[in-house]
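Structure file my_file-v5.pdb (PDB, C-alpha atoms and all ligand atoms) follows.
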ATOM      1  CA  MET A   1     -12.803 -10.615  -4.955
ATOM      2  CA  SER A   2     -14.154 -13.836  -6.412
ATOM      3  CA  SER A   3     -11.886 -16.433  -7.940
ATOM      4  CA  THR A   4     -13.064 -15.636 -11.447
ATOM      5  CA  GLU A   5     -11.853 -12.081 -11.020
ATOM      6  CA  ILE A   6      -8.316 -13.042 -10.159
ATOM      7  CA  HIS A   7      -6.117 -13.572 -13.144
ATOM      8  CA  ASN A   8      -2.778 -12.919 -11.593
ATOM      9  CA  VAL A   9      -0.240 -13.354 -14.307
ATOM     10  CA  VAL A  10       3.327 -13.074 -13.211
ATOM     11  CA  SER A  11       4.556 -10.653 -15.808
ATOM     12  CA  ALA A  12       7.725 -11.505 -17.667
ATOM     13  CA  VAL A  13       8.313  -7.828 -18.387
ATOM     14  CA  THR A  14       9.562  -5.477 -15.705
ATOM     15  CA  TYR A  15       8.074  -1.991 -15.565
ATOM     16  CA  ALA A  16       9.616   0.810 -13.586
ATOM     17  CA  GLN A  17       9.605   4.588 -13.534
ATOM     18  CA  GLU A  18      12.295   6.848 -12.170
ATOM     19  CA  TYR A  19      11.225  10.148 -10.607
ATOM     20  CA  ASP A  20      13.459  13.009  -9.440
ATOM     21  CA  HIS A  21      15.707  12.597  -6.419
ATOM     22  CA  GLY A  22      16.624   9.003  -7.257
ATOM     23  CA  VAL A  23      13.234   7.532  -6.408
ATOM     24  CA  ILE A  24      12.218   4.611  -8.614
ATOM     25  CA  ALA A  25       8.780   2.990  -8.624
ATOM     26  CA  VAL A  26       8.935  -0.679  -9.582
ATOM     27  CA  ASP A  27       5.729  -2.324 -10.734
ATOM     28  CA  ALA A  28       5.407  -5.220  -8.302
ATOM     29  CA  ALA A  29       3.428  -7.208 -10.895
ATOM     30  CA  MET A  30       0.485  -8.135  -8.728
ATOM     31  CA  LEU A  31      -2.936  -8.737 -10.295
ATOM     32  CA  ARG A  32      -2.544  -6.124 -13.006
ATOM     33  CA  PRO A  33      -0.023  -3.523 -14.124
ATOM     34  CA  ARG A  34       0.151  -0.367 -11.999
ATOM     35  CA  MET A  35      -1.611  -1.879  -9.016
ATOM     36  CA  VAL A  36       1.237  -2.334  -6.527
ATOM     37  CA  SER A  37       4.497  -0.461  -6.442
ATOM     38  CA  ALA A  38       7.712  -1.106  -4.583
ATOM     39  CA  TYR A  39      10.218   1.744  -4.350
ATOM     40  CA  ILE A  40      13.956   1.821  -4.698
ATOM     41  CA  VAL A  41      15.532   4.985  -3.313
ATOM     42  CA  LYS A  42      19.124   5.676  -4.290
ATOM     43  CA  CYS A  43      21.442   6.958  -1.584
ATOM     44  CA  GLY A  44      24.826   7.403  -3.247
ATOM     45  CA  GLU A  45      26.107   3.949  -4.128
ATOM     46  CA  LYS A  46      23.670   2.420  -1.647
ATOM     47  CA  ALA A  47      19.903   2.100  -1.758
ATOM     48  CA  VAL A  48      16.863   1.404   0.350
ATOM     49  CA  ILE A  49      13.770  -0.485  -0.753
ATOM     50  CA  ILE A  50      10.360   0.587   0.539
ATOM     51  CA  GLU A  51       7.644  -2.090   0.110
ATOM     52  CA  THR A  52       8.529  -5.501  -1.251
ATOM     53  CA  GLY A  53       5.396  -6.651  -3.034
ATOM     54  CA  THR A  54       5.076 -10.436  -2.953
ATOM     55  CA  GLN A  55       7.513 -13.223  -3.666
ATOM     56  CA  HIS A  56       6.546 -12.830  -7.351
ATOM     57  CA  SER A  57       7.654  -9.174  -7.210
ATOM     58  CA  VAL A  58      11.191  -9.899  -6.088
ATOM     59  CA  PRO A  59      12.635 -10.758  -9.541
ATOM     60  CA  HIS A  60      11.276  -7.443 -10.841
ATOM     61  CA  ILE A  61      12.902  -5.497  -8.012
ATOM     62  CA  LEU A  62      16.200  -7.286  -8.675
ATOM     63  CA  THR A  63      15.940  -6.521 -12.392
ATOM     64  CA  VAL A  64      15.481  -2.808 -11.700
ATOM     65  CA  LEU A  65      18.384  -2.784  -9.230
ATOM     66  CA  ALA A  66      20.539  -4.336 -11.973
ATOM     67  CA  ARG A  67      19.362  -1.769 -14.537
ATOM     68  CA  HIS A  68      20.562   0.941 -12.179
ATOM     69  CA  GLU A  69      23.809  -0.897 -11.454
ATOM     70  CA  ILE A  70      22.999  -1.305  -7.785
ATOM     71  CA  PRO A  71      24.306  -4.678  -6.561
ATOM     72  CA  PRO A  72      21.781  -6.264  -4.132
ATOM     73  CA  GLU A  73      24.551  -6.268  -1.514
ATOM     74  CA  GLN A  74      24.415  -2.456  -1.590
ATOM     75  CA  VAL A  75      20.806  -2.397  -0.408
ATOM     76  CA  ALA A  76      21.119  -1.205   3.172
ATOM     77  CA  TYR A  77      17.511  -1.280   4.361
ATOM     78  CA  ILE A  78      14.231  -2.876   3.367
ATOM     79  CA  MET A  79      11.175  -1.115   4.767
ATOM     80  CA  PRO A  80       7.695  -2.602   4.315
ATOM     81  CA  THR A  81       5.214   0.018   5.552
ATOM     82  CA  HIS A  82       3.006  -2.664   7.115
ATOM     83  CA  VAL A  83       2.686  -6.420   7.057
ATOM     84  CA  HIS A  84      -0.192  -6.857   4.613
ATOM     85  CA  LEU A  85       1.122  -9.297   2.035
ATOM     86  CA  ASP A  86       1.017  -6.987  -0.986
ATOM     87  CA  HIS A  87       3.453  -4.758   0.918
ATOM     88  CA  ALA A  88       5.574  -7.252   2.836
ATOM     89  CA  GLY A  89       4.932 -10.721   1.429
ATOM     90  CA  GLY A  90       8.214 -10.698  -0.472
ATOM     91  CA  ALA A  91      10.317  -9.421   2.445
ATOM     92  CA  GLY A  92      11.877 -12.758   3.429
ATOM     93  CA  GLU A  93      12.726 -13.626  -0.161
ATOM     94  CA  LEU A  94      14.169 -10.175  -0.866
ATOM     95  CA  MET A  95      16.278 -10.331   2.318
ATOM     96  CA  GLN A  96      17.887 -13.519   0.992
ATOM     97  CA  HIS A  97      19.042 -11.659  -2.123
ATOM     98  CA  CYS A  98      20.080  -8.502  -0.288
ATOM     99  CA  ALA A  99      22.572 -10.124   2.023
ATOM    100  CA  ASN A 100      23.608  -6.944   3.865
ATOM    101  CA  ALA A 101      20.184  -5.401   4.254
ATOM    102  CA  GLU A 102      18.429  -4.803   7.522
ATOM    103  CA  LEU A 103      14.659  -5.238   7.599
ATOM    104  CA  LEU A 104      12.891  -2.383   9.400
ATOM    105  CA  VAL A 105       9.345  -3.121  10.516
ATOM    106  CA  HIS A 106       6.695  -1.488  12.691
ATOM    107  CA  GLU A 107       6.974  -2.923  16.205
ATOM    108  CA  ARG A 108       3.510  -4.467  15.939
ATOM    109  CA  GLY A 109       4.390  -6.227  12.689
ATOM    110  CA  LEU A 110       7.944  -7.445  13.202
ATOM    111  CA  ARG A 111       7.186 -10.888  14.645
ATOM    112  CA  HIS A 112       4.780 -11.622  11.782
ATOM    113  CA  LEU A 113       7.549 -11.287   9.228
ATOM    114  CA  ILE A 114      10.033 -13.357  11.233
ATOM    115  CA  ASP A 115       7.361 -16.031  11.550
ATOM    116  CA  PRO A 116       4.852 -15.384   8.761
ATOM    117  CA  SER A 117       2.756 -18.497   9.447
ATOM    118  CA  ARG A 118      -0.152 -16.533  10.907
ATOM    119  CA  LEU A 119      -0.194 -14.036   8.044
ATOM    120  CA  GLU A 120      -0.130 -16.896   5.578
ATOM    121  CA  GLN A 121      -2.830 -18.913   7.333
ATOM    122  CA  SER A 122      -5.270 -16.044   7.521
ATOM    123  CA  ALA A 123      -4.738 -15.111   3.860
ATOM    124  CA  ARG A 124      -5.134 -18.754   2.808
ATOM    125  CA  ARG A 125      -8.418 -18.850   4.726
ATOM    126  CA  VAL A 126      -9.652 -15.812   2.815
ATOM    127  CA  TYR A 127      -8.471 -16.771  -0.673
ATOM    128  CA  GLY A 128      -8.066 -20.550  -0.702
ATOM    129  CA  ASP A 129      -4.790 -22.273  -1.578
ATOM    130  CA  GLU A 130      -4.900 -21.980  -5.340
ATOM    131  CA  ILE A 131      -5.508 -18.244  -5.452
ATOM    132  CA  PHE A 132      -3.161 -17.635  -2.546
ATOM    133  CA  ASP A 133      -0.301 -19.344  -4.385
ATOM    134  CA  ARG A 134      -0.972 -17.408  -7.551
ATOM    135  CA  LEU A 135      -1.223 -14.080  -5.733
ATOM    136  CA  TYR A 136       1.513 -14.395  -3.154
ATOM    137  CA  GLY A 137       3.702 -17.409  -3.877
ATOM    138  CA  ALA A 138       5.601 -18.501  -0.778
ATOM    139  CA  VAL A 139       5.949 -16.263   2.261
ATOM    140  CA  ILE A 140       9.476 -16.885   3.481
ATOM    141  CA  PRO A 141      10.467 -15.998   7.068
ATOM    142  CA  ALA A 142      12.714 -12.953   7.419
ATOM    143  CA  PRO A 143      16.014 -13.580   9.251
ATOM    144  CA  ALA A 144      15.546 -12.446  12.864
ATOM    145  CA  GLU A 145      19.184 -11.387  13.230
ATOM    146  CA  ARG A 146      18.838  -8.821  10.417
ATOM    147  CA  SER A 147      15.344  -7.594  11.309
ATOM    148  CA  ARG A 148      14.355  -5.014  13.865
ATOM    149  CA  ALA A 149      11.465  -2.806  14.939
ATOM    150  CA  VAL A 150      11.537   0.926  14.344
ATOM    151  CA  GLN A 151      10.059   3.509  16.683
ATOM    152  CA  ASN A 152       7.813   6.448  15.921
ATOM    153  CA  GLY A 153      10.014   9.447  15.129
ATOM    154  CA  GLU A 154      13.117   7.362  14.474
ATOM    155  CA  VAL A 155      15.521   8.973  12.015
ATOM    156  CA  LEU A 156      17.787   7.109   9.645
ATOM    157  CA  VAL A 157      20.561   8.716   7.616
ATOM    158  CA  LEU A 158      22.150   6.809   4.747
ATOM    159  CA  ASN A 159      24.959   8.535   2.855
ATOM    160  CA  GLY A 160      23.527  11.875   3.895
ATOM    161  CA  ARG A 161      19.945  11.048   2.869
ATOM    162  CA  ARG A 162      17.580  11.446   5.792
ATOM    163  CA  PHE A 163      14.506   9.296   6.392
ATOM    164  CA  GLU A 164      12.075   9.515   9.279
ATOM    165  CA  PHE A 165       9.500   6.976  10.443
ATOM    166  CA  LEU A 166       6.020   8.006  11.530
ATOM    167  CA  ASP A 167       3.582   5.671  13.240
ATOM    168  CA  THR A 168       0.432   5.979  11.116
ATOM    169  CA  PRO A 169      -2.484   3.891  12.408
ATOM    170  CA  GLY A 170      -5.851   4.035  10.648
ATOM    171  CA  HIS A 171      -5.448   1.519   7.837
ATOM    172  CA  ALA A 172      -3.599  -0.906  10.106
ATOM    173  CA  LYS A 173      -2.107  -0.662  13.591
ATOM    174  CA  HIS A 174       1.184  -2.053  12.296
ATOM    175  CA  HIS A 175       1.652   0.750   9.763
ATOM    176  CA  TYR A 176       4.376   3.348   9.494
ATOM    177  CA  CYS A 177       5.037   5.917   6.784
ATOM    178  CA  VAL A 178       8.492   7.081   5.765
ATOM    179  CA  TRP A 179       9.435  10.731   5.265
ATOM    180  CA  ASP A 180      12.115  11.381   2.670
ATOM    181  CA  GLU A 181      13.687  14.727   3.433
ATOM    182  CA  SER A 182      15.503  14.927   0.068
ATOM    183  CA  SER A 183      12.380  14.847  -2.090
ATOM    184  CA  LYS A 184      10.009  16.258   0.578
ATOM    185  CA  GLY A 185       7.819  13.233   0.135
ATOM    186  CA  TRP A 186       6.092  10.553   2.166
ATOM    187  CA  PHE A 187       6.096   6.883   1.334
ATOM    188  CA  THR A 188       2.532   6.371   2.404
ATOM    189  CA  GLY A 189       1.813   2.648   2.170
ATOM    190  CA  ASP A 190      -1.994   2.518   2.397
ATOM    191  CA  THR A 191      -2.503   5.387   4.854
ATOM    192  CA  PHE A 192      -2.886   8.065   2.170
ATOM    193  CA  GLY A 193      -5.402   6.030   0.190
ATOM    194  CA  LEU A 194      -5.491   4.648  -3.332
ATOM    195  CA  SER A 195      -4.872   6.585  -6.516
ATOM    196  CA  TYR A 196      -4.692   4.563  -9.694
ATOM    197  CA  ARG A 197      -2.998   6.205 -12.632
ATOM    198  CA  GLU A 198      -5.749   4.939 -14.964
ATOM    199  CA  LEU A 199      -8.108   7.365 -13.190
ATOM    200  CA  ASP A 200      -5.984  10.441 -13.894
ATOM    201  CA  THR A 201      -7.754  13.145 -15.888
ATOM    202  CA  GLU A 202      -6.851  16.717 -16.774
ATOM    203  CA  ARG A 203      -7.889  17.520 -13.200
ATOM    204  CA  GLY A 204      -5.057  15.374 -11.952
ATOM    205  CA  PRO A 205      -5.095  12.265  -9.797
ATOM    206  CA  PHE A 206      -8.228  10.763  -8.251
ATOM    207  CA  ILE A 207      -7.885   9.501  -4.692
ATOM    208  CA  PHE A 208     -10.031   7.572  -2.223
ATOM    209  CA  PRO A 209      -9.401   5.912   1.149
ATOM    210  CA  THR A 210      -8.810   2.225   1.725
ATOM    211  CA  THR A 211     -10.784   0.877   4.677
ATOM    212  CA  THR A 212      -9.640  -2.738   4.406
ATOM    213  CA  PRO A 213     -10.459  -5.097   7.320
ATOM    214  CA  ILE A 214      -9.747  -5.605  10.129
ATOM    215  CA  GLN A 215      -8.089  -2.579  11.746
ATOM    216  CA  PHE A 216      -9.708   0.340   9.942
ATOM    217  CA  ASP A 217     -10.032   3.231  12.384
ATOM    218  CA  PRO A 218     -11.409   6.439  10.839
ATOM    219  CA  GLU A 219     -10.266   8.838  13.568
ATOM    220  CA  ALA A 220      -6.756   7.404  13.570
ATOM    221  CA  MET A 221      -6.610   7.484   9.766
ATOM    222  CA  SER A 222      -7.696  11.129   9.614
ATOM    223  CA  GLN A 223      -5.154  12.052  12.257
ATOM    224  CA  SER A 224      -2.367  10.182  10.424
ATOM    225  CA  VAL A 225      -3.242  11.975   7.181
ATOM    226  CA  LYS A 226      -3.238  15.362   8.935
ATOM    227  CA  THR A 227       0.117  14.677  10.573
ATOM    228  CA  MET A 228       1.625  13.863   7.186
ATOM    229  CA  LEU A 229       0.087  16.956   5.580
ATOM    230  CA  ALA A 230       1.542  19.139   8.348
ATOM    231  CA  ARG A 231       4.994  18.635   6.802
ATOM    232  CA  SER A 232       3.777  20.359   3.607
ATOM    233  CA  PRO A 233       4.958  17.472   1.443
ATOM    234  CA  GLU A 234       5.523  18.012  -2.251
ATOM    235  CA  TRP A 235       4.961  14.375  -3.124
ATOM    236  CA  MET A 236       3.209  11.302  -1.870
ATOM    237  CA  TYR A 237       4.608   7.962  -2.992
ATOM    238  CA  LEU A 238       1.622   5.650  -2.856
ATOM    239  CA  THR A 239       1.921   1.910  -2.983
ATOM    240  CA  HIS A 240      -1.269   1.832  -5.066
ATOM    241  CA  TYR A 241       0.111   3.477  -7.239
ATOM    242  CA  GLY A 242       3.125   5.671  -7.875
ATOM    243  CA  ARG A 243       3.945   9.287  -7.075
ATOM    244  CA  VAL A 244       1.280  12.004  -6.805
ATOM    245  CA  GLY A 245       1.585  15.773  -6.347
ATOM    246  CA  GLN A 246      -1.245  18.250  -5.533
ATOM    247  CA  VAL A 247      -0.872  16.881  -2.041
ATOM    248  CA  ALA A 248      -2.879  19.444  -0.075
ATOM    249  CA  TYR A 249      -5.847  19.067  -2.418
ATOM    250  CA  LEU A 250      -5.692  15.274  -2.404
ATOM    251  CA  GLY A 251      -5.440  15.346   1.381
ATOM    252  CA  GLU A 252      -8.712  17.274   1.567
ATOM    253  CA  ARG A 253     -10.396  14.815  -0.768
ATOM    254  CA  LEU A 254      -9.132  11.930   1.288
ATOM    255  CA  LEU A 255     -10.278  13.351   4.628
ATOM    256  CA  SER A 256     -13.684  14.039   3.136
ATOM    257  CA  GLY A 257     -13.734  10.512   1.679
ATOM    258  CA  ILE A 258     -13.084   8.952   5.102
ATOM    259  CA  ASN A 259     -16.045  10.875   6.547
ATOM    260  CA  GLN A 260     -18.294   9.932   3.665
ATOM    261  CA  LEU A 261     -17.458   6.234   3.858
ATOM    262  CA  VAL A 262     -18.155   6.262   7.593
ATOM    263  CA  ALA A 263     -21.482   8.022   6.968
ATOM    264  CA  MET A 264     -22.393   5.331   4.397
ATOM    265  CA  ALA A 265     -21.606   2.577   6.903
ATOM    266  CA  GLU A 266     -23.765   4.277   9.521
ATOM    267  CA  GLN A 267     -26.549   4.686   6.999
ATOM    268  CA  VAL A 268     -26.782   0.925   6.365
ATOM    269  CA  ALA A 269     -26.333  -0.099  10.015
ATOM    270  CA  GLU A 270     -30.008  -1.029  10.407
ATOM    271  CA  ASP A 271     -30.401  -2.681   6.994
ATOM    272  CA  ASP A 272     -31.118  -6.406   6.724
ATOM    273  CA  ASP A 273     -28.698  -6.673   3.859
ATOM    274  CA  ARG A 274     -26.107  -4.131   4.918
ATOM    275  CA  ASP A 275     -23.427  -5.823   2.859
ATOM    276  CA  GLN A 276     -25.114  -5.271  -0.501
ATOM    277  CA  SER A 277     -26.511  -1.883   0.503
ATOM    278  CA  LEU A 278     -23.096  -0.610   1.477
ATOM    279  CA  ARG A 279     -21.470  -1.843  -1.720
ATOM    280  CA  ARG A 280     -24.176  -0.065  -3.696
ATOM    281  CA  LEU A 281     -23.632   3.178  -1.781
ATOM    282  CA  ILE A 282     -19.860   3.066  -2.233
ATOM    283  CA  ARG A 283     -20.205   2.224  -5.923
ATOM    284  CA  ASN A 284     -22.630   5.107  -6.528
ATOM    285  CA  TRP A 285     -20.455   7.509  -4.555
ATOM    286  CA  LEU A 286     -17.364   6.601  -6.575
ATOM    287  CA  ARG A 287     -19.346   6.920  -9.808
ATOM    288  CA  CYS A 288     -20.425  10.447  -8.904
ATOM    289  CA  GLU A 289     -16.950  11.443  -7.775
ATOM    290  CA  LEU A 290     -15.351  10.055 -10.911
ATOM    291  CA  ASN A 291     -17.926  11.749 -13.135
ATOM    292  CA  GLU A 292     -17.100  15.039 -11.488
ATOM    293  CA  HIS A 293     -13.452  14.232 -11.963
ATOM    294  CA  GLY A 294     -14.076  13.880 -15.695
ATOM    295  CA  TRP A 295     -13.217  10.193 -15.927
ATOM    296  CA  VAL A 296     -14.690   8.333 -18.877
ATOM    297  CA  GLY A 297     -13.905   4.666 -18.408
ATOM    298  CA  ASP A 298     -16.057   1.750 -19.520
ATOM    299  CA  ASN A 299     -17.654  -0.987 -17.424
ATOM    300  CA  HIS A 300     -14.830  -3.399 -17.971
ATOM    301  CA  GLN A 301     -12.281  -0.920 -16.700
ATOM    302  CA  TRP A 302     -14.519  -0.042 -13.776
ATOM    303  CA  ARG A 303     -14.758  -3.691 -12.681
ATOM    304  CA  LEU A 304     -11.049  -4.210 -13.055
ATOM    305  CA  LEU A 305      -9.999  -1.070 -11.219
ATOM    306  CA  LEU A 306     -12.657  -0.465  -8.621
ATOM    307  CA  GLU A 307     -14.778  -3.498  -7.754
ATOM    308  CA  PRO A 308     -12.053  -5.209  -5.694
ATOM    309  CA  ASP A 309     -11.632  -2.061  -3.572
ATOM    310  CA  ILE A 310     -15.393  -1.526  -3.242
ATOM    311  CA  ASP A 311     -15.520  -5.066  -1.909
ATOM    312  CA  LEU A 312     -12.643  -4.646   0.538
ATOM    313  CA  ASN A 313     -13.783  -1.216   1.697
ATOM    314  CA  ALA A 314     -17.297  -2.517   2.388
ATOM    315  CA  GLN A 315     -15.904  -5.459   4.363
ATOM    316  CA  GLY A 316     -13.626  -3.221   6.410
ATOM    317  CA  LEU A 317     -16.363  -0.684   7.153
ATOM    318  CA  LEU A 318     -18.794  -3.407   8.234
ATOM    319  CA  HIS A 319     -16.164  -4.917  10.485
ATOM    320  CA  TRP A 320     -15.512  -1.496  12.014
ATOM    321  CA  LEU A 321     -19.275  -1.021  12.491
ATOM    322  CA  SER A 322     -19.708  -4.387  14.197
ATOM    323  CA  GLN A 323     -16.771  -3.728  16.527
ATOM    324  CA  ARG A 324     -18.234  -0.379  17.460
ATOM    325  CA  GLU A 325     -21.650  -1.947  18.146
ATOM    326  CA  SER A 326     -20.234  -4.684  20.349
TER     327      SER A 326
HETATM  328 ZN    ZN A 401      -2.692  -2.721   3.598
END
Render the structure in this file as structure tokens.
Ligand SMILES: [Zn+2]
Amino acid sequence: MSSTEIHNVVSAVTYAQEYDHGVIAVDAAMLRPRMVSAYIVKCGEKAVIIETGTQHSVPHILTVLARHEIPPEQVAYIMPTHVHLDHAGGAGELMQHCANAELLVHERGLRHLIDPSRLEQSARRVYGDEIFDRLYGAVIPAPAERSRAVQNGEVLVLNGRRFEFLDTPGHAKHHYCVWDESSKGWFTGDTFGLSYRELDTERGPFIFPTTTPIQFDPEAMSQSVKTMLARSPEWMYLTHYGRVGQVAYLGERLLSGINQLVAMAEQVAEDDDRDQSLRRLIRNWLRCELNEHGWVGDNHQWRLLLEPDIDLNAQGLLHWLSQRES
């Protein structure tokens, strides 16, 4: 993503959508509408929040809590699926507002939210200070005394609503997904790929994997996807973006997408300019897939929706390739 492509405007308007079973997707207002969601799940008079977005997202989450007459003190748990900043950057700030909440983090990610200096430094190195501030704002440390690690398979019951945590490496090693027994759905973070609502056609949602650096692991990702599918979920609550059905079909597309992206990376391994070659391959692949899907967007929409992910996916695949070669 180059600086000219980042026009993060902190939206003054709060967008949210309530699904069945008391699940609410809040638009976390990052980069563009319908790019990042945070979820509020009602559990009687209490609630949990899954994903926090960034510091800029927190006012939107608080607004939606207020709309639903949920005092922030009634938020019992905050659960970022992993510690990438679009999922967890707002955790410390949100914990300040939700004074009784406990922060539940993957064991590999916990210390990075209690002391976010390393997360912040590495993102500042990638984006530069100006863009970092616009994208993420401040990354406030989470209070250690109200934060803890969760284990694979751990079950949590809040007012009779049952959640289960699953360790889901593949996108990141510090990633869990959350099973919601009530709605038979997974909160998938980035493990079940990206599906932007702008790409919906009469065939339904379009989905593709995210292979972001630096912990992409295709075998682990495929296995995580299969483990989630084994529950026969009715819904997947994606962070990017919103709820999708047709889960078995999308799962097949995703597993095939992982294999195809890996094949593209292997195809450019010997190229002098593997970076550009890989981007071209991914771009052409997505164009074909979207054509088949019946999507008719223009160039502007394409750049806005897909170029940033083509860029990140290429970087992550090349990193994976270089690790494998070394
Ligand atoms: Zn991520």
Fill in: Selection dump of the PyMOL selection byres (((not hetatm)) within 8 of (chain A and resi 401)), as a list in words
His82, Val83, His84, Leu85, Asp86, His87, His171, Ala172, Gly189, Asp190 and Thr212 of chain A
Discussion item. Can you pull out the residues contacting Met264 of chain A? Cut-off 8 Å, using all atoms listed in the file, and skip same-chain residues under 5 positions away; I want them as a list in words.
Written reply: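 Contacts, in chain order: Leu278, Leu281 and Ile282 of chain A.
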Export of prior selection with C-alpha atoms as a PDB file, in the frame of the given file:
ATOM      1  CA  LEU A 278     -23.096  -0.610   1.477  1.00  0.00           C
ATOM      2  CA  LEU A 281     -23.632   3.178  -1.781  1.00  0.00           C
ATOM      3  CA  ILE A 282     -19.860   3.066  -2.233  1.00  0.00           C
TER       4      ILE A 282
END
Response to the item:
With distances taken over all atoms listed in the file, the candidate from A:Cys43, A:Val155, A:Met30, A:Ile70 nearest Arg134 of chain A is A:Met30
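Separating atom CA of Arg203 of chain A from atom CA of Ala230 of chain A is a distance of 23.6 Å.
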Practice prompt. Could you expand the PyMOL selection byres (((chain A and resi 294) around 12) and not hetatm) into the explicit residues it covers here, written as JSON, numbers by chain?
Written response: {"A": [199, 200, 201, 202, 203, 204, 205, 206, 287, 288, 289, 290, 291, 292, 293, 295, 296, 297]}
Per residue of segment 210-239 of chain A within 8 Å of segment 310-318 of chain A, which atom pair is closest and at what distance in Å (one decimal), using only C-alpha atoms, listed by chain and increasing number, as a tab-separated table?
residue	atom	partner	partner_atom	distance
A:Thr210	CA	A:Asn313	CA	6.0
A:Thr211	CA	A:Asn313	CA	4.7
A:Thr212	CA	A:Gly316	CA	4.5
A:Pro213	CA	A:Gly316	CA	3.8
A:Ile214	CA	A:Gly316	CA	5.9
A:Gln215	CA	A:Gly316	CA	7.7
A:Phe216	CA	A:Gly316	CA	6.4
Fill in: Length of the atom CA of Ala76 of chain A to atom CA of Glu145 of chain A vector [Å]
14.4 Å
Item to complete: Report the distance between atom CA of Asp309 of chain A and atom CA of Ser195 of chain A in Å, rounded to one decimal place.
Response: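 A separation of 11.4 Å between them.
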Mind completing segment 72-85 of chain A with N, CA and C atoms? Output as a tab-separated table (two decimals), in the frame of the given file, please?
chain	number	residue	atom	x	y	z
A	72	PRO	N	22.69	-6.03	-5.27
A	72	PRO	CA	21.78	-6.26	-4.13
A	72	PRO	C	22.49	-6.13	-2.79
A	73	GLU	N	23.79	-6.40	-2.77
A	73	GLU	CA	24.55	-6.27	-1.51
A	73	GLU	C	24.62	-4.82	-1.05
A	74	GLN	N	24.36	-3.88	-1.94
A	74	GLN	CA	24.42	-2.46	-1.59
A	74	GLN	C	23.08	-1.93	-1.05
A	75	VAL	N	22.08	-2.80	-1.02
A	75	VAL	CA	20.81	-2.40	-0.41
A	75	VAL	C	20.98	-2.44	1.11
A	76	ALA	N	20.83	-1.29	1.74
A	76	ALA	CA	21.12	-1.20	3.17
A	76	ALA	C	19.89	-1.50	4.03
A	77	TYR	N	18.73	-1.10	3.56
A	77	TYR	CA	17.51	-1.28	4.36
A	77	TYR	C	16.34	-1.68	3.47
A	78	ILE	N	15.50	-2.52	4.02
A	78	ILE	CA	14.23	-2.88	3.37
A	78	ILE	C	13.13	-2.51	4.35
A	79	MET	N	12.17	-1.71	3.87
A	79	MET	CA	11.18	-1.12	4.77
A	79	MET	C	9.75	-1.35	4.26
A	80	PRO	N	9.13	-2.45	4.64
A	80	PRO	CA	7.70	-2.60	4.32
A	80	PRO	C	6.88	-1.71	5.25
A	81	THR	N	5.95	-0.92	4.70
A	81	THR	CA	5.21	0.02	5.55
A	81	THR	C	4.31	-0.69	6.56
A	82	HIS	N	3.80	-1.86	6.17
A	82	HIS	CA	3.01	-2.66	7.12
A	82	HIS	C	3.02	-4.09	6.61
A	83	VAL	N	2.45	-5.01	7.38
A	83	VAL	CA	2.69	-6.42	7.06
A	83	VAL	C	1.57	-7.06	6.23
A	84	HIS	N	0.71	-6.26	5.61
A	84	HIS	CA	-0.19	-6.86	4.61
A	84	HIS	C	0.67	-7.40	3.47
A	85	LEU	N	0.22	-8.53	2.90
A	85	LEU	CA	1.12	-9.30	2.04
A	85	LEU	C	1.47	-8.62	0.71
